[in-house]
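What follows is protein07.cif (mmCIF, C-alpha atoms).
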data_upload
loop_
_atom_site.group_PDB
_atom_site.id
_atom_site.type_symbol
_atom_site.label_atom_id
_atom_site.label_comp_id
_atom_site.auth_asym_id
_atom_site.auth_seq_id
_atom_site.Cartn_x
_atom_site.Cartn_y
_atom_site.Cartn_z
ATOM 1 C CA MET X 1 205.077 -12.955 -83.606
ATOM 2 C CA PHE X 2 205.309 -9.473 -82.080
ATOM 3 C CA LYS X 3 205.347 -7.899 -85.544
ATOM 4 C CA LYS X 4 202.142 -9.740 -86.504
ATOM 5 C CA PHE X 5 200.450 -8.649 -83.263
ATOM 6 C CA ALA X 6 201.536 -5.048 -83.830
ATOM 7 C CA ALA X 7 200.222 -5.155 -87.396
ATOM 8 C CA VAL X 8 196.807 -6.418 -86.241
ATOM 9 C CA CYS X 9 196.619 -3.709 -83.564
ATOM 10 C CA LEU X 10 197.472 -1.076 -86.157
ATOM 11 C CA VAL X 11 194.644 -2.267 -88.403
ATOM 12 C CA VAL X 12 192.141 -2.297 -85.510
ATOM 13 C CA LEU X 13 193.180 1.181 -84.382
ATOM 14 C CA SER X 14 192.898 2.430 -87.971
ATOM 15 C CA VAL X 15 189.340 1.075 -88.238
ATOM 16 C CA PHE X 16 188.278 2.743 -84.996
ATOM 17 C CA ALA X 17 189.924 5.979 -86.049
ATOM 18 C CA PHE X 18 188.022 5.874 -89.342
ATOM 19 C CA THR X 19 184.660 5.209 -87.677
ATOM 20 C CA GLY X 20 185.200 7.774 -84.960
ATOM 21 C CA LEU X 21 184.857 5.196 -82.149
ATOM 22 C CA PRO X 22 187.388 4.778 -79.347
ATOM 23 C CA ALA X 23 189.661 1.765 -79.631
ATOM 24 C CA CYS X 24 188.567 0.264 -76.314
ATOM 25 C CA ALA X 25 184.764 0.414 -76.749
ATOM 26 C CA ALA X 26 181.950 2.761 -77.669
ATOM 27 C CA ASP X 27 180.900 5.120 -74.869
ATOM 28 C CA LYS X 28 177.739 4.166 -73.049
ATOM 29 C CA TYR X 29 174.791 6.164 -74.414
ATOM 30 C CA PRO X 30 174.323 8.974 -73.728
ATOM 31 C CA SER X 31 177.766 10.330 -72.914
ATOM 32 C CA LYS X 32 177.127 13.923 -74.020
ATOM 33 C CA PRO X 33 174.184 16.340 -74.425
ATOM 34 C CA ILE X 34 171.440 15.393 -76.896
ATOM 35 C CA LYS X 35 170.124 17.827 -79.481
ATOM 36 C CA MET X 36 166.335 17.760 -79.761
ATOM 37 C CA VAL X 37 165.162 19.426 -82.964
ATOM 38 C CA VAL X 38 161.794 21.204 -82.908
ATOM 39 C CA GLY X 39 160.553 22.114 -86.379
ATOM 40 C CA TYR X 40 158.696 25.213 -85.194
ATOM 41 C CA ALA X 41 159.482 28.609 -83.709
ATOM 42 C CA PRO X 42 159.849 29.061 -79.929
ATOM 43 C CA GLY X 43 156.687 29.643 -77.923
ATOM 44 C CA GLY X 44 154.217 27.337 -79.683
ATOM 45 C CA GLY X 45 152.718 24.131 -78.353
ATOM 46 C CA VAL X 46 155.337 21.846 -79.907
ATOM 47 C CA ASP X 47 158.202 23.936 -78.543
ATOM 48 C CA THR X 48 156.636 24.324 -75.097
ATOM 49 C CA THR X 49 156.065 20.599 -74.602
ATOM 50 C CA ALA X 50 159.574 19.828 -75.833
ATOM 51 C CA ARG X 51 161.013 22.239 -73.274
ATOM 52 C CA ILE X 52 159.034 20.581 -70.498
ATOM 53 C CA PHE X 53 160.655 17.299 -71.526
ATOM 54 C CA ALA X 54 164.080 18.967 -71.628
ATOM 55 C CA LYS X 55 163.509 20.356 -68.119
ATOM 56 C CA TYR X 56 163.564 16.820 -66.694
ATOM 57 C CA ALA X 57 165.576 15.003 -69.347
ATOM 58 C CA GLU X 58 168.900 14.948 -67.550
ATOM 59 C CA GLU X 59 167.229 13.243 -64.602
ATOM 60 C CA PHE X 60 165.802 10.517 -66.854
ATOM 61 C CA LEU X 61 168.643 10.196 -69.363
ATOM 62 C CA GLY X 62 171.755 11.211 -67.463
ATOM 63 C CA GLN X 63 172.550 13.965 -69.972
ATOM 64 C CA PRO X 64 170.860 17.290 -70.789
ATOM 65 C CA VAL X 65 168.628 17.703 -73.826
ATOM 66 C CA VAL X 66 169.193 20.916 -75.758
ATOM 67 C CA ILE X 67 166.214 22.230 -77.727
ATOM 68 C CA THR X 68 167.090 23.479 -81.209
ATOM 69 C CA ASN X 69 164.369 25.282 -83.167
ATOM 70 C CA VAL X 70 164.569 24.765 -86.935
ATOM 71 C CA ALA X 71 161.358 26.379 -88.185
ATOM 72 C CA GLY X 72 159.855 26.338 -91.658
ATOM 73 C CA GLY X 73 158.041 24.142 -94.117
ATOM 74 C CA GLY X 74 155.371 23.109 -91.612
ATOM 75 C CA GLY X 75 158.036 21.335 -89.558
ATOM 76 C CA SER X 76 159.607 19.562 -92.535
ATOM 77 C CA ILE X 77 162.892 21.524 -92.506
ATOM 78 C CA GLY X 78 163.670 20.476 -88.948
ATOM 79 C CA ALA X 79 162.569 16.918 -89.663
ATOM 80 C CA ARG X 80 164.876 16.777 -92.674
ATOM 81 C CA GLU X 81 167.820 17.795 -90.482
ATOM 82 C CA VAL X 82 167.207 14.803 -88.225
ATOM 83 C CA LEU X 83 166.606 12.525 -91.193
ATOM 84 C CA LYS X 84 170.118 13.274 -92.436
ATOM 85 C CA ALA X 85 171.799 13.144 -89.026
ATOM 86 C CA ARG X 86 174.217 10.449 -87.932
ATOM 87 C CA PRO X 87 172.249 7.577 -86.309
ATOM 88 C CA ASP X 88 173.996 7.773 -82.948
ATOM 89 C CA GLY X 89 171.141 9.116 -80.797
ATOM 90 C CA TYR X 90 172.535 12.611 -80.346
ATOM 91 C CA THR X 91 170.174 14.310 -82.807
ATOM 92 C CA LEU X 92 166.475 13.594 -82.229
ATOM 93 C CA LEU X 93 163.162 15.074 -83.347
ATOM 94 C CA TRP X 94 160.196 16.226 -81.225
ATOM 95 C CA MET X 95 157.239 16.245 -83.587
ATOM 96 C CA HIS X 96 153.482 15.778 -83.906
ATOM 97 C CA GLU X 97 151.374 14.280 -86.722
ATOM 98 C CA ALA X 98 152.625 16.820 -89.256
ATOM 99 C CA ILE X 99 155.320 14.260 -89.950
ATOM 100 C CA LEU X 100 152.524 12.322 -91.705
ATOM 101 C CA SER X 101 150.624 15.145 -93.379
ATOM 102 C CA GLY X 102 153.573 16.688 -95.201
ATOM 103 C CA TYR X 103 154.217 13.453 -97.085
ATOM 104 C CA ILE X 104 150.554 12.583 -97.646
ATOM 105 C CA THR X 105 149.815 15.997 -99.180
ATOM 106 C CA GLY X 106 152.947 15.916 -101.326
ATOM 107 C CA VAL X 107 154.704 18.823 -99.598
ATOM 108 C CA ALA X 108 157.476 16.706 -98.056
ATOM 109 C CA LYS X 109 159.483 14.061 -99.895
ATOM 110 C CA PHE X 110 159.908 11.779 -96.889
ATOM 111 C CA SER X 111 157.547 9.865 -94.605
ATOM 112 C CA TRP X 112 157.693 9.007 -90.912
ATOM 113 C CA GLU X 113 158.777 5.478 -91.879
ATOM 114 C CA GLU X 114 162.187 6.867 -92.826
ATOM 115 C CA PHE X 115 162.813 7.644 -89.136
ATOM 116 C CA THR X 116 163.238 5.470 -86.057
ATOM 117 C CA PRO X 117 160.197 5.844 -83.760
ATOM 118 C CA LEU X 118 161.218 6.264 -80.120
ATOM 119 C CA GLY X 119 157.870 6.719 -78.402
ATOM 120 C CA LYS X 120 154.916 8.992 -77.809
ATOM 121 C CA ALA X 121 155.240 11.518 -75.002
ATOM 122 C CA VAL X 122 152.385 14.042 -74.825
ATOM 123 C CA ALA X 123 148.745 14.373 -75.869
ATOM 124 C CA THR X 124 146.536 17.425 -76.256
ATOM 125 C CA CYS X 125 143.719 18.252 -78.694
ATOM 126 C CA ASP X 126 142.202 20.631 -81.219
ATOM 127 C CA ALA X 127 138.678 22.022 -80.966
ATOM 128 C CA ILE X 128 136.331 23.548 -83.524
ATOM 129 C CA VAL X 129 135.717 27.092 -82.277
ATOM 130 C CA VAL X 130 133.403 29.925 -83.349
ATOM 131 C CA LYS X 131 132.773 33.448 -82.077
ATOM 132 C CA ALA X 132 130.530 33.617 -79.036
ATOM 133 C CA ASP X 133 127.910 35.561 -81.012
ATOM 134 C CA SER X 134 127.863 32.938 -83.784
ATOM 135 C CA PRO X 135 124.461 31.439 -84.615
ATOM 136 C CA TRP X 136 125.897 27.925 -84.114
ATOM 137 C CA LYS X 137 125.495 26.668 -80.563
ATOM 138 C CA THR X 138 126.381 23.018 -81.214
ATOM 139 C CA ILE X 139 128.558 21.045 -83.599
ATOM 140 C CA ASP X 140 125.432 19.535 -85.167
ATOM 141 C CA GLU X 141 124.082 22.990 -86.014
ATOM 142 C CA PHE X 142 127.443 23.932 -87.514
ATOM 143 C CA MET X 143 127.704 20.778 -89.625
ATOM 144 C CA ALA X 144 124.092 21.119 -90.805
ATOM 145 C CA TYR X 145 124.781 24.676 -91.955
ATOM 146 C CA LEU X 146 127.934 23.523 -93.781
ATOM 147 C CA LYS X 147 125.981 20.827 -95.577
ATOM 148 C CA ASP X 148 123.182 23.157 -96.689
ATOM 149 C CA ASN X 149 125.299 26.216 -97.501
ATOM 150 C CA PRO X 150 128.337 25.330 -99.644
ATOM 151 C CA GLY X 151 130.857 28.142 -100.024
ATOM 152 C CA LYS X 152 129.523 30.162 -97.091
ATOM 153 C CA VAL X 153 131.888 29.180 -94.264
ATOM 154 C CA LYS X 154 135.513 30.337 -94.185
ATOM 155 C CA MET X 155 138.028 28.305 -92.171
ATOM 156 C CA PRO X 156 141.836 28.574 -91.974
ATOM 157 C CA VAL X 157 144.293 26.078 -93.407
ATOM 158 C CA GLU X 158 148.043 25.675 -93.810
ATOM 159 C CA ILE X 159 148.915 23.647 -96.892
ATOM 160 C CA GLY X 160 150.833 20.484 -96.086
ATOM 161 C CA SER X 161 149.967 20.568 -92.398
ATOM 162 C CA MET X 162 147.522 18.487 -90.404
ATOM 163 C CA SER X 163 145.106 21.427 -90.592
ATOM 164 C CA GLN X 164 144.719 20.759 -94.333
ATOM 165 C CA LEU X 165 143.719 17.153 -93.723
ATOM 166 C CA GLU X 166 141.591 18.077 -90.714
ATOM 167 C CA LEU X 167 139.685 20.621 -92.778
ATOM 168 C CA ALA X 168 139.327 18.056 -95.567
ATOM 169 C CA ALA X 169 137.853 15.530 -93.107
ATOM 170 C CA ILE X 170 135.321 18.097 -91.830
ATOM 171 C CA ASP X 171 134.462 19.087 -95.388
ATOM 172 C CA ASN X 172 134.079 15.438 -96.427
ATOM 173 C CA ALA X 173 131.764 14.837 -93.479
ATOM 174 C CA ALA X 174 129.561 17.727 -94.637
ATOM 175 C CA GLY X 175 129.327 16.381 -98.177
ATOM 176 C CA GLY X 176 132.449 17.834 -99.815
ATOM 177 C CA LYS X 177 133.273 21.210 -101.384
ATOM 178 C CA ARG X 178 131.500 23.065 -98.586
ATOM 179 C CA ILE X 179 134.265 24.971 -96.772
ATOM 180 C CA VAL X 180 136.117 27.983 -98.165
ATOM 181 C CA ALA X 181 139.727 27.381 -97.081
ATOM 182 C CA VAL X 182 141.779 30.514 -96.444
ATOM 183 C CA SER X 183 145.412 30.920 -95.398
ATOM 184 C CA GLY X 184 145.447 30.751 -91.645
ATOM 185 C CA GLY X 185 148.851 30.122 -90.096
ATOM 186 C CA GLY X 186 149.013 29.128 -86.440
ATOM 187 C CA GLY X 187 146.761 29.935 -83.511
ATOM 188 C CA ALA X 188 148.336 33.335 -82.962
ATOM 189 C CA THR X 189 147.168 34.314 -86.448
ATOM 190 C CA ARG X 190 143.871 32.458 -86.509
ATOM 191 C CA ILE X 191 142.381 33.879 -83.327
ATOM 192 C CA PRO X 192 142.545 37.567 -84.340
ATOM 193 C CA LYS X 193 141.076 36.667 -87.744
ATOM 194 C CA LEU X 194 138.269 34.727 -86.095
ATOM 195 C CA LEU X 195 137.533 37.502 -83.601
ATOM 196 C CA GLY X 196 137.694 40.074 -86.397
ATOM 197 C CA GLY X 197 135.114 38.244 -88.491
ATOM 198 C CA PHE X 198 137.518 37.278 -91.276
ATOM 199 C CA LEU X 199 136.908 33.610 -90.413
ATOM 200 C CA ASP X 200 133.637 31.924 -89.520
ATOM 201 C CA ALA X 201 135.164 29.040 -87.578
ATOM 202 C CA ALA X 202 138.599 27.634 -86.840
ATOM 203 C CA SER X 203 140.302 24.602 -85.417
ATOM 204 C CA LEU X 204 142.420 25.758 -82.476
ATOM 205 C CA ASN X 205 144.847 23.925 -80.222
ATOM 206 C CA ALA X 206 143.531 23.487 -76.680
ATOM 207 C CA PRO X 207 146.071 25.708 -74.869
ATOM 208 C CA SER X 208 145.042 28.735 -76.942
ATOM 209 C CA ILE X 209 141.310 28.514 -76.146
ATOM 210 C CA PRO X 210 140.488 28.930 -72.409
ATOM 211 C CA GLN X 211 141.192 32.645 -71.977
ATOM 212 C CA TYR X 212 138.838 33.482 -74.864
ATOM 213 C CA VAL X 213 136.117 31.181 -73.584
ATOM 214 C CA LYS X 214 136.458 32.726 -70.135
ATOM 215 C CA ASP X 215 136.136 36.310 -71.404
ATOM 216 C CA GLY X 216 133.149 35.350 -73.569
ATOM 217 C CA SER X 217 134.808 35.878 -76.960
ATOM 218 C CA LEU X 218 134.837 32.343 -78.348
ATOM 219 C CA ARG X 219 132.665 29.231 -78.139
ATOM 220 C CA PRO X 220 134.132 25.730 -78.652
ATOM 221 C CA LEU X 221 131.752 23.272 -80.307
ATOM 222 C CA ALA X 222 133.603 19.941 -80.338
ATOM 223 C CA VAL X 223 137.048 18.375 -80.088
ATOM 224 C CA CYS X 224 138.680 16.691 -83.067
ATOM 225 C CA THR X 225 140.318 13.791 -81.228
ATOM 226 C CA PRO X 226 138.610 10.358 -81.145
ATOM 227 C CA GLU X 227 138.156 10.602 -77.346
ATOM 228 C CA ARG X 228 136.830 13.467 -75.238
ATOM 229 C CA SER X 229 139.408 15.787 -73.736
ATOM 230 C CA PRO X 230 139.859 15.798 -69.947
ATOM 231 C CA PHE X 231 140.256 19.560 -70.233
ATOM 232 C CA PHE X 232 136.927 20.015 -72.067
ATOM 233 C CA PRO X 233 134.892 17.076 -70.756
ATOM 234 C CA GLU X 234 131.618 18.736 -71.716
ATOM 235 C CA LEU X 235 132.550 18.934 -75.396
ATOM 236 C CA PRO X 236 131.591 16.023 -77.672
ATOM 237 C CA THR X 237 133.986 14.601 -80.220
ATOM 238 C CA LEU X 238 133.127 14.886 -83.889
ATOM 239 C CA MET X 239 133.369 11.110 -84.073
ATOM 240 C CA GLU X 240 130.742 10.510 -81.391
ATOM 241 C CA ARG X 241 128.365 12.856 -83.215
ATOM 242 C CA GLY X 242 128.719 10.714 -86.327
ATOM 243 C CA TYR X 243 131.276 12.758 -88.292
ATOM 244 C CA ASP X 244 134.356 10.894 -89.530
ATOM 245 C CA VAL X 245 136.940 13.389 -88.262
ATOM 246 C CA ASN X 246 139.975 12.010 -86.438
ATOM 247 C CA LYS X 247 142.656 14.623 -85.825
ATOM 248 C CA PRO X 248 144.886 13.690 -82.879
ATOM 249 C CA PHE X 249 147.455 16.114 -81.516
ATOM 250 C CA ASN X 250 150.282 14.100 -79.960
ATOM 251 C CA MET X 251 153.983 14.720 -79.474
ATOM 252 C CA TYR X 252 156.381 11.959 -80.489
ATOM 253 C CA VAL X 253 160.135 11.480 -80.534
ATOM 254 C CA PHE X 254 161.933 10.229 -83.649
ATOM 255 C CA GLY X 255 165.533 9.582 -84.551
ATOM 256 C CA PRO X 256 167.363 8.907 -87.804
ATOM 257 C CA LYS X 257 166.891 5.525 -89.403
ATOM 258 C CA GLY X 258 169.174 2.819 -88.049
ATOM 259 C CA LEU X 259 169.475 3.834 -84.395
ATOM 260 C CA PRO X 260 171.094 1.116 -82.260
ATOM 261 C CA LYS X 261 168.772 -0.934 -80.073
ATOM 262 C CA ASP X 262 170.320 0.341 -76.837
ATOM 263 C CA VAL X 263 169.663 3.942 -77.888
ATOM 264 C CA VAL X 264 166.027 3.180 -78.722
ATOM 265 C CA GLU X 265 165.528 1.460 -75.369
ATOM 266 C CA ARG X 266 167.248 4.264 -73.435
ATOM 267 C CA VAL X 267 165.200 7.075 -74.984
ATOM 268 C CA SER X 268 161.947 5.117 -74.816
ATOM 269 C CA GLY X 269 162.619 4.339 -71.170
ATOM 270 C CA ALA X 270 163.190 8.026 -70.453
ATOM 271 C CA LEU X 271 159.881 8.914 -72.133
ATOM 272 C CA LYS X 272 158.089 6.356 -69.967
ATOM 273 C CA LYS X 273 159.579 7.845 -66.799
ATOM 274 C CA PHE X 274 158.674 11.314 -68.065
ATOM 275 C CA SER X 275 155.040 10.271 -68.556
ATOM 276 C CA GLU X 276 154.796 8.867 -65.017
ATOM 277 C CA ASP X 277 156.295 11.838 -63.185
ATOM 278 C CA GLU X 278 153.844 13.922 -61.121
ATOM 279 C CA ARG X 279 155.806 17.125 -61.754
ATOM 280 C CA VAL X 280 155.495 16.565 -65.487
ATOM 281 C CA LYS X 281 151.740 16.023 -65.189
ATOM 282 C CA LYS X 282 151.421 19.328 -63.343
ATOM 283 C CA ASP X 283 153.556 21.243 -65.856
ATOM 284 C CA LEU X 284 151.654 19.832 -68.832
ATOM 285 C CA ALA X 285 148.238 20.386 -67.248
ATOM 286 C CA ALA X 286 149.080 24.088 -67.022
ATOM 287 C CA ILE X 287 149.081 24.205 -70.850
ATOM 288 C CA LEU X 288 146.121 21.813 -71.230
ATOM 289 C CA ALA X 289 148.227 18.833 -72.232
ATOM 290 C CA ALA X 290 148.882 15.483 -70.571
ATOM 291 C CA PRO X 291 151.635 12.866 -70.626
ATOM 292 C CA SER X 292 150.714 9.974 -72.884
ATOM 293 C CA PHE X 293 153.238 7.192 -73.450
ATOM 294 C CA MET X 294 153.540 4.710 -76.291
ATOM 295 C CA THR X 295 156.390 2.305 -76.883
ATOM 296 C CA PRO X 296 158.194 2.587 -80.235
ATOM 297 C CA ASP X 297 156.281 -0.446 -81.545
ATOM 298 C CA GLU X 298 152.946 0.981 -80.399
ATOM 299 C CA GLN X 299 153.849 4.313 -81.947
ATOM 300 C CA ALA X 300 154.689 2.688 -85.289
ATOM 301 C CA LYS X 301 151.419 0.723 -85.336
ATOM 302 C CA TYR X 302 149.401 3.813 -84.411
ATOM 303 C CA LEU X 303 151.023 5.977 -87.096
ATOM 304 C CA THR X 304 150.579 3.251 -89.698
ATOM 305 C CA ASN X 305 146.837 3.106 -89.022
ATOM 306 C CA LEU X 306 146.528 6.893 -88.895
ATOM 307 C CA THR X 307 148.351 7.178 -92.223
ATOM 308 C CA VAL X 308 145.795 4.860 -93.865
ATOM 309 C CA TYR X 309 142.934 6.971 -92.479
ATOM 310 C CA LEU X 310 144.495 10.275 -93.588
ATOM 311 C CA GLN X 311 145.277 8.930 -97.058
ATOM 312 C CA GLY X 312 141.596 8.053 -97.368
ATOM 313 C CA VAL X 313 140.637 11.590 -96.295
ATOM 314 C CA ALA X 314 143.020 13.108 -98.833
ATOM 315 C CA LYS X 315 141.794 10.849 -101.642
ATOM 316 C CA LYS X 316 138.150 11.651 -100.969
ATOM 317 C CA ALA X 317 138.924 15.385 -100.865
ATOM 318 C CA GLY X 318 140.928 15.256 -104.103
ATOM 319 C CA ILE X 319 144.203 16.313 -102.468
ATOM 320 C CA ASN X 320 147.256 15.412 -104.504
ATOM 321 C CA GLN X 321 149.187 12.878 -102.462
ATOM 322 C CA LYS X 322 152.237 10.655 -102.509
#
Represent the structure from my file as structure tokens, please.
Amino acid sequence: MFKKFAAVCLVVLSVFAFTGLPACAADKYPSKPIKMVVGYAPGGGVDTTARIFAKYAEEFLGQPVVITNVAGGGGSIGAREVLKARPDGYTLLWMHEAILSGYITGVAKFSWEEFTPLGKAVATCDAIVVKADSPWKTIDEFMAYLKDNPGKVKMPVEIGSMSQLELAAIDNAAGGKRIVAVSGGGGATRIPKLLGGFLDAASLNAPSIPQYVKDGSLRPLAVCTPERSPFFPELPTLMERGYDVNKPFNMYVFGPKGLPKDVVERVSGALKKFSEDERVKKDLAAILAAPSFMTPDEQAKYLTNLTVYLQGVAKKAGINQK
């Protein structure tokens, strides 16, 4: 009898040793620091918002979150690292809608559906901006000029990013084949080119705009989100002016496919607490962003609908897509 019991125990211990789990039971999640991958260099909007989350994460999760920047490929290199990670909740991804655009434009070989959605955390916006001495005072004047003057307006784009699809949506709304797309990079590159006259207009992330509006260098014409921004309440949306341009700028958390239910609930719960915290609201407002929570199910539904819209934009613009 004792020999049989010992043999069974040996088998059980061997299984746990093979899987890497303790023989008694799996540790309650999280039991160690969590790596949060950011697919962009330090200092940008994605990195900054992720670090604000990390600042309070231990309070909401019980363990610190360590930001790891894995830049390149429009965020796809960092995303791929999480895609291949062990589904235990200790390697997560902080990412915006570029997780859709890379696949839609054919740059990335994976889609957001190959991850586990864990919730939406932050919202900000892009705005169409021109030099203050530009002849365009309103978004309607700008769009009318685009429509009547194909090949005359230069705007920046990064292939495979949301900026490519955003530019395509603006171009489609003006009749197609109107905008001259030039390599633009991020805001730090776009603003000097715009101020120097190498660009005629640009889509810029909200946090990069105010100082240039204040000093009289730049003029924002409209925001690209479906709703008006609380930080630019006077600016119309492109949608409300009748132009089919929907370019949200939200921060989401993803994990590898197959995360356990308790991990999903724990991280989602932490994001909800993060979004409700007054200190978080203050920190995000300083960079013209705001907490904005979605449950994993709401996030999945939202991204599914946005994917359909962006695929339609890409098809109409003739962008090769998956």
Check your understanding: Counting all atoms listed in the file, which of X:Ile139, X:Cys125, X:Leu165, X:Met36 gets nearest to Gly312 of chain X?
Key -> X:Leu165
Review point. From the set X:Gly269, X:Pro117, X:Pro220, X:Gly73, which residue has the shortest atom-to-atom contact distance to Lys131 of chain X, counting only C-alpha atoms?
Key: X:Pro220
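Residues captured in this structure file are Val130, Lys131, Ala132, Ser134, Pro135, Trp136, Ser217, Leu218 and Arg219 of chain X, according to the PyMOL selection byres ((chain X and resi 133) around 9).
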Exercise for review: For Thr49 of chain X, work out the shell of residues within 8 Å, counting all atoms listed in the file and skipping chain neighbours fewer than 5 positions away, then give it as a ChimeraX atom specification.
Suggested key: /X:122,251,284
Exercise for review: List the residues selected by the PyMOL selection byres ((chain X and resi 74) around 7) in the file shown, writing them as a PyMOL selection string.
Suggested key: chain X and resi 72-73+75-76+160-161
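Excluding segment 80-85 of chain X itself and any same-chain residue fewer than 4 positions from it, the protein and nucleic acid residues within 8 Å of it, counting all atoms listed in the file, are X:Val37, X:Ser76, X:Thr91, X:Leu92, X:Leu93, X:Glu114, X:Phe115, X:Gly255, X:Pro256, X:Lys257.
With only C-alpha atoms as the atoms that count, the minimum distance from Ser101 of chain X to the choices X:Gln299, X:Gln164, X:Thr124, X:Ser183 is reached by X:Gln164.
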Point to revise | Reference answer for the PyMOL selection byres ((chain X and resi 246) around 12), as a PyMOL selection string | key: chain X and resi 97+125-127+162-163+165-170+173+222-228+237-240+242-245+247-249+305-310+312-313
Point to revise | Residues within 6 Å of segment 187-200 of chain X, all atoms listed in the file, excluding chain neighbours under 5 positions, as JSON, numbers by chain | key: {"X": [153, 154, 155]}
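Of the residues listed (X:Asn172, X:Gly216, X:Lys32, X:Ser111), X:Asn172 shows the shortest atom-to-atom separation from Lys316 of chain X; distances use all atoms listed in the file.
Each of X:Leu146, X:Leu271, X:Val70, X:Ala54 was compared to Gly176 of chain X using all atoms listed in the file, and X:Leu146 turns out to be the nearest.
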Exercise for review: Tell me which of X:Ile99, X:Ala317, X:Leu235, X:Ala270 sits closest to Trp112 of chain X, counting only C-alpha atoms.
Suggested key: X:Ile99
Check your understanding: What is the distance between atom CA of Tyr145 of chain X and atom CA of Phe232 of chain X, in Å to one decimal?
Key -> 23.8 Å
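The spacing separating atom CA of Asn320 of chain X from atom CA of Thr105 of chain X amounts to 5.9 Å.
Here atom CA of Val129 of chain X stands at a distance of 10.3 Å from atom CA of Ala206 of chain X.
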Exercise for review: Fewer than 2 positions away in the same chain doesn't count, so skip those; otherwise give me all residues within 12 Å of Ala57 of chain X, counting all atoms listed in the file, as a ChimeraX atom specification.
Suggested key: /X:30,33-36,50-55,59-67,266-275,277,280
Check your understanding: Mind listing as a ChimeraX atom specification all residues within 6 Å of (126.9, 22.2, -77.1), counting all atoms listed in the file?
Key -> /X:137-138,221
Would you put the residues from that selection into a file with C-alpha atoms, as a CSV table (one decimal), in the coordinates of the input?
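Dumped to selection-v9.csv:
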chain,number,residue,atom,x,y,z
X,137,LYS,CA,125.5,26.7,-80.6
X,138,THR,CA,126.4,23.0,-81.2
X,221,LEU,CA,131.8,23.3,-80.3
Practice item. With a distance cut-off of 10 Å and only C-alpha atoms, select the neighbouring residues of Ala285 of chain X, excluding the residue or stretch itself and same-chain residues fewer than 3 positions from it, and output the selection as a list of chain:residue names. Key: X:Thr124, X:Pro207, X:Pro230, X:Phe231, X:Arg279, X:Val280, X:Lys281, X:Lys282, X:Leu288, X:Ala289, X:Ala290, X:Pro291
Would you save the residues of that selection, restricted to C-alpha atoms, as a compact mmCIF listing (two decimals), in the coordinates of the input?
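Dumped everything to result.txt:
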# COMPACT_ATOMS: atom_id res chain seq x y z
CA THR X 124 146.54 17.42 -76.26
CA PRO X 207 146.07 25.71 -74.87
CA PRO X 230 139.86 15.80 -69.95
CA PHE X 231 140.26 19.56 -70.23
CA ARG X 279 155.81 17.12 -61.75
CA VAL X 280 155.50 16.57 -65.49
CA LYS X 281 151.74 16.02 -65.19
CA LYS X 282 151.42 19.33 -63.34
CA LEU X 288 146.12 21.81 -71.23
CA ALA X 289 148.23 18.83 -72.23
CA ALA X 290 148.88 15.48 -70.57
CA PRO X 291 151.64 12.87 -70.63
